[in-house]
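Each remark here refers to the structure printed beneath this line.
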Amino acid sequence: MKLRYFAWVRERVGKPEEDIEVPPGVTTVGELMAWLAARGEEYAHAFANPQVIRAAIDRTHVEPQTPIKGAGEIAFFPPMTGG
Amino acid sequence: MTVLSTVRLQREPFDAAAEAAKLTRGRSDVGALVTFTGICRGDEAGEPIAALTLEHYPGMVEAEIERHVQEAKERWPLLGVTVIHRYGRMVPGEDIVVVVTTSSHRAAAFAAAEFLMDYLKTRAPFWKQVEKAGEKTWVEAKATDDAAAGRWNAGGRQAAE
């Protein structure tokens with residue numbers, strides 16, 4: 001599955017996107033964030049405060065409890081500041 | 001009745017007055033036109049800034065704006081809607097975003113323009129970074145913007161319409 005990162009999440013992870021294999025036990029967006037946080041120092045820094053991070057599956061906003069099954073692209077980013 | 005609807009995402013500057021004029025040209029059913037232009041300010045949190053850079057999520061941002069333009073057209077009797085949002089680097093004084101709404105009467109045009117701006121601020125995937133004193137920092141989301149967007153949801157809907 002493809003992961004994309006934006007703004008300071010991208011800066012902290014150190015890359016804009018990557019393809020990863022998610023273990024079968026990781027089933028929701030929230031669980032995916034917790035799993036990512038344990039992947040290394042840069043991920044721990046990016047996902048240290050998961051409640052402020054927003055997510056989208058296939059370009060639609062989702063919540064931490066949303067299942068990730070069938071997702072093609074999951075994006076993580078800070079609260080939006082457009083306009 | 002033809003409802004004109006335009007959504008554009010671009011790096012280049014736009015002409016807000018020309019965009020507004022497009023929604024009234026050659027027709028006499030428009031009785032109200034509201035234009036909101038968001039401009040890059042020269043200060044952030046009381047300190048001068050050199051520039052602003054807007055990062056966006058290509059593909060998602062267009063879909064999110066289109067969805068909210070559609071919702072605005074369903075909620076109010078609009079005759080036209082234009083949303084143009086820029087990305088990339090801008091210096092103070094440059095326009096960032098323009099929202100134009102037209103209707104027969106002012107209430108719908110005012111409400112739809114505010115609705116669209118409130119959603120652009122909080123739900124469209126854009127992130128602002130400011131350059132000040134040689135440093136780049138991400139702008140933090142404001143609770144007041146979330147509150148402004150929240151009033152258009154089920155609970156606050158009646159009061160806002």
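Chain labels A, B, ... are given in the sequence in which chains occur in the structure tokens; within each chain residues are numbered consecutively from 1, and ligands are likewise numbered from 1 in the order shown.
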
Sel. of strand (DSSP E) residues, range 67-130 of chain B, as a PyMOL selection string
chain B and resi 78-86+88-90+95-103+126-130

Could you write out that same residue set with N, CA and C atoms as a PDB file, in the first residue's frame?
ATOM      1  N   LEU B  78     -27.981  29.353  -6.023  1.00  0.00           N
ATOM      2  CA  LEU B  78     -26.895  30.123  -6.639  1.00  0.00           C
ATOM      3  C   LEU B  78     -27.031  30.156  -8.161  1.00  0.00           C
ATOM      4  N   LEU B  79     -26.513  31.213  -8.737  1.00  0.00           N
ATOM      5  CA  LEU B  79     -26.469  31.317 -10.206  1.00  0.00           C
ATOM      6  C   LEU B  79     -25.051  31.076 -10.719  1.00  0.00           C
ATOM      7  N   GLY B  80     -24.066  31.267  -9.839  1.00  0.00           N
ATOM      8  CA  GLY B  80     -22.688  31.018 -10.245  1.00  0.00           C
ATOM      9  C   GLY B  80     -21.769  30.857  -9.041  1.00  0.00           C
ATOM     10  N   VAL B  81     -20.734  30.046  -9.187  1.00  0.00           N
ATOM     11  CA  VAL B  81     -19.718  29.856  -8.142  1.00  0.00           C
ATOM     12  C   VAL B  81     -18.348  29.729  -8.814  1.00  0.00           C
ATOM     13  N   THR B  82     -17.388  30.474  -8.312  1.00  0.00           N
ATOM     14  CA  THR B  82     -16.009  30.315  -8.780  1.00  0.00           C
ATOM     15  C   THR B  82     -15.094  30.213  -7.569  1.00  0.00           C
ATOM     16  N   VAL B  83     -14.236  29.207  -7.557  1.00  0.00           N
ATOM     17  CA  VAL B  83     -13.213  29.086  -6.512  1.00  0.00           C
ATOM     18  C   VAL B  83     -11.869  28.895  -7.205  1.00  0.00           C
ATOM     19  N   ILE B  84     -10.937  29.796  -6.941  1.00  0.00           N
ATOM     20  CA  ILE B  84      -9.579  29.644  -7.479  1.00  0.00           C
ATOM     21  C   ILE B  84      -8.618  29.727  -6.304  1.00  0.00           C
ATOM     22  N   HIS B  85      -7.788  28.718  -6.152  1.00  0.00           N
ATOM     23  CA  HIS B  85      -6.837  28.676  -5.033  1.00  0.00           C
ATOM     24  C   HIS B  85      -5.446  28.485  -5.590  1.00  0.00           C
ATOM     25  N   ARG B  86      -4.508  29.285  -5.118  1.00  0.00           N
ATOM     26  CA  ARG B  86      -3.126  29.143  -5.575  1.00  0.00           C
ATOM     27  C   ARG B  86      -2.323  28.257  -4.635  1.00  0.00           C
ATOM     28  N   GLY B  88       2.125  27.065  -3.947  1.00  0.00           N
ATOM     29  CA  GLY B  88       3.492  27.521  -4.210  1.00  0.00           C
ATOM     30  C   GLY B  88       3.841  28.733  -3.348  1.00  0.00           C
ATOM     31  N   ARG B  89       4.856  29.475  -3.779  1.00  0.00           N
ATOM     32  CA  ARG B  89       5.377  30.575  -2.958  1.00  0.00           C
ATOM     33  C   ARG B  89       4.743  31.904  -3.339  1.00  0.00           C
ATOM     34  N   MET B  90       4.335  32.671  -2.323  1.00  0.00           N
ATOM     35  CA  MET B  90       3.736  33.991  -2.545  1.00  0.00           C
ATOM     36  C   MET B  90       4.338  34.998  -1.585  1.00  0.00           C
ATOM     37  N   ASP B  95      -2.523  37.778  -4.001  1.00  0.00           N
ATOM     38  CA  ASP B  95      -3.767  37.057  -3.732  1.00  0.00           C
ATOM     39  C   ASP B  95      -3.492  35.562  -3.619  1.00  0.00           C
ATOM     40  N   ILE B  96      -4.151  34.912  -2.647  1.00  0.00           N
ATOM     41  CA  ILE B  96      -3.998  33.466  -2.449  1.00  0.00           C
ATOM     42  C   ILE B  96      -5.212  32.713  -2.990  1.00  0.00           C
ATOM     43  N   VAL B  97      -6.395  33.243  -2.675  1.00  0.00           N
ATOM     44  CA  VAL B  97      -7.634  32.529  -3.012  1.00  0.00           C
ATOM     45  C   VAL B  97      -8.727  33.538  -3.351  1.00  0.00           C
ATOM     46  N   VAL B  98      -9.594  33.168  -4.275  1.00  0.00           N
ATOM     47  CA  VAL B  98     -10.788  33.982  -4.529  1.00  0.00           C
ATOM     48  C   VAL B  98     -12.000  33.063  -4.583  1.00  0.00           C
ATOM     49  N   VAL B  99     -13.077  33.507  -3.931  1.00  0.00           N
ATOM     50  CA  VAL B  99     -14.360  32.819  -3.988  1.00  0.00           C
ATOM     51  C   VAL B  99     -15.370  33.840  -4.500  1.00  0.00           C
ATOM     52  N   VAL B 100     -16.074  33.516  -5.559  1.00  0.00           N
ATOM     53  CA  VAL B 100     -17.114  34.399  -6.097  1.00  0.00           C
ATOM     54  C   VAL B 100     -18.420  33.627  -6.119  1.00  0.00           C
ATOM     55  N   THR B 101     -19.487  34.235  -5.601  1.00  0.00           N
ATOM     56  CA  THR B 101     -20.800  33.586  -5.651  1.00  0.00           C
ATOM     57  C   THR B 101     -21.808  34.601  -6.181  1.00  0.00           C
ATOM     58  N   THR B 102     -22.729  34.133  -6.994  1.00  0.00           N
ATOM     59  CA  THR B 102     -23.799  35.007  -7.473  1.00  0.00           C
ATOM     60  C   THR B 102     -25.139  34.334  -7.249  1.00  0.00           C
ATOM     61  N   SER B 103     -26.147  35.193  -7.033  1.00  0.00           N
ATOM     62  CA  SER B 103     -27.498  34.706  -6.806  1.00  0.00           C
ATOM     63  C   SER B 103     -28.475  35.828  -7.165  1.00  0.00           C
ATOM     64  N   PHE B 126      -4.526  21.861   2.205  1.00  0.00           N
ATOM     65  CA  PHE B 126      -3.479  22.860   1.965  1.00  0.00           C
ATOM     66  C   PHE B 126      -2.759  23.094   3.286  1.00  0.00           C
ATOM     67  N   TRP B 127      -1.459  23.375   3.217  1.00  0.00           N
ATOM     68  CA  TRP B 127      -0.702  23.705   4.427  1.00  0.00           C
ATOM     69  C   TRP B 127       0.193  24.901   4.140  1.00  0.00           C
ATOM     70  N   LYS B 128       0.094  25.893   5.032  1.00  0.00           N
ATOM     71  CA  LYS B 128       0.873  27.125   4.845  1.00  0.00           C
ATOM     72  C   LYS B 128       2.159  27.086   5.657  1.00  0.00           C
ATOM     73  N   GLN B 129       3.230  27.498   4.986  1.00  0.00           N
ATOM     74  CA  GLN B 129       4.517  27.630   5.669  1.00  0.00           C
ATOM     75  C   GLN B 129       4.975  29.072   5.482  1.00  0.00           C
ATOM     76  N   VAL B 130       5.393  29.727   6.573  1.00  0.00           N
ATOM     77  CA  VAL B 130       5.855  31.115   6.446  1.00  0.00           C
ATOM     78  C   VAL B 130       7.370  31.184   6.574  1.00  0.00           C
TER      79      VAL B 130
END

Select residues of chain B: the criterion is any atom within 9 Å of an atom of chain A, counting only C-alpha atoms; output as a ChimeraX atom specification.
/B:38,54-57,59-61,63-64,85,96-98,117-129,138-142

What's the 10 Å shell around Gly14 in chain A, counting only C-alpha atoms, without same-chain residues fewer than 2 positions away, as a ChimeraX atom specification?
/A:5,8-12,16-17,42-43,46
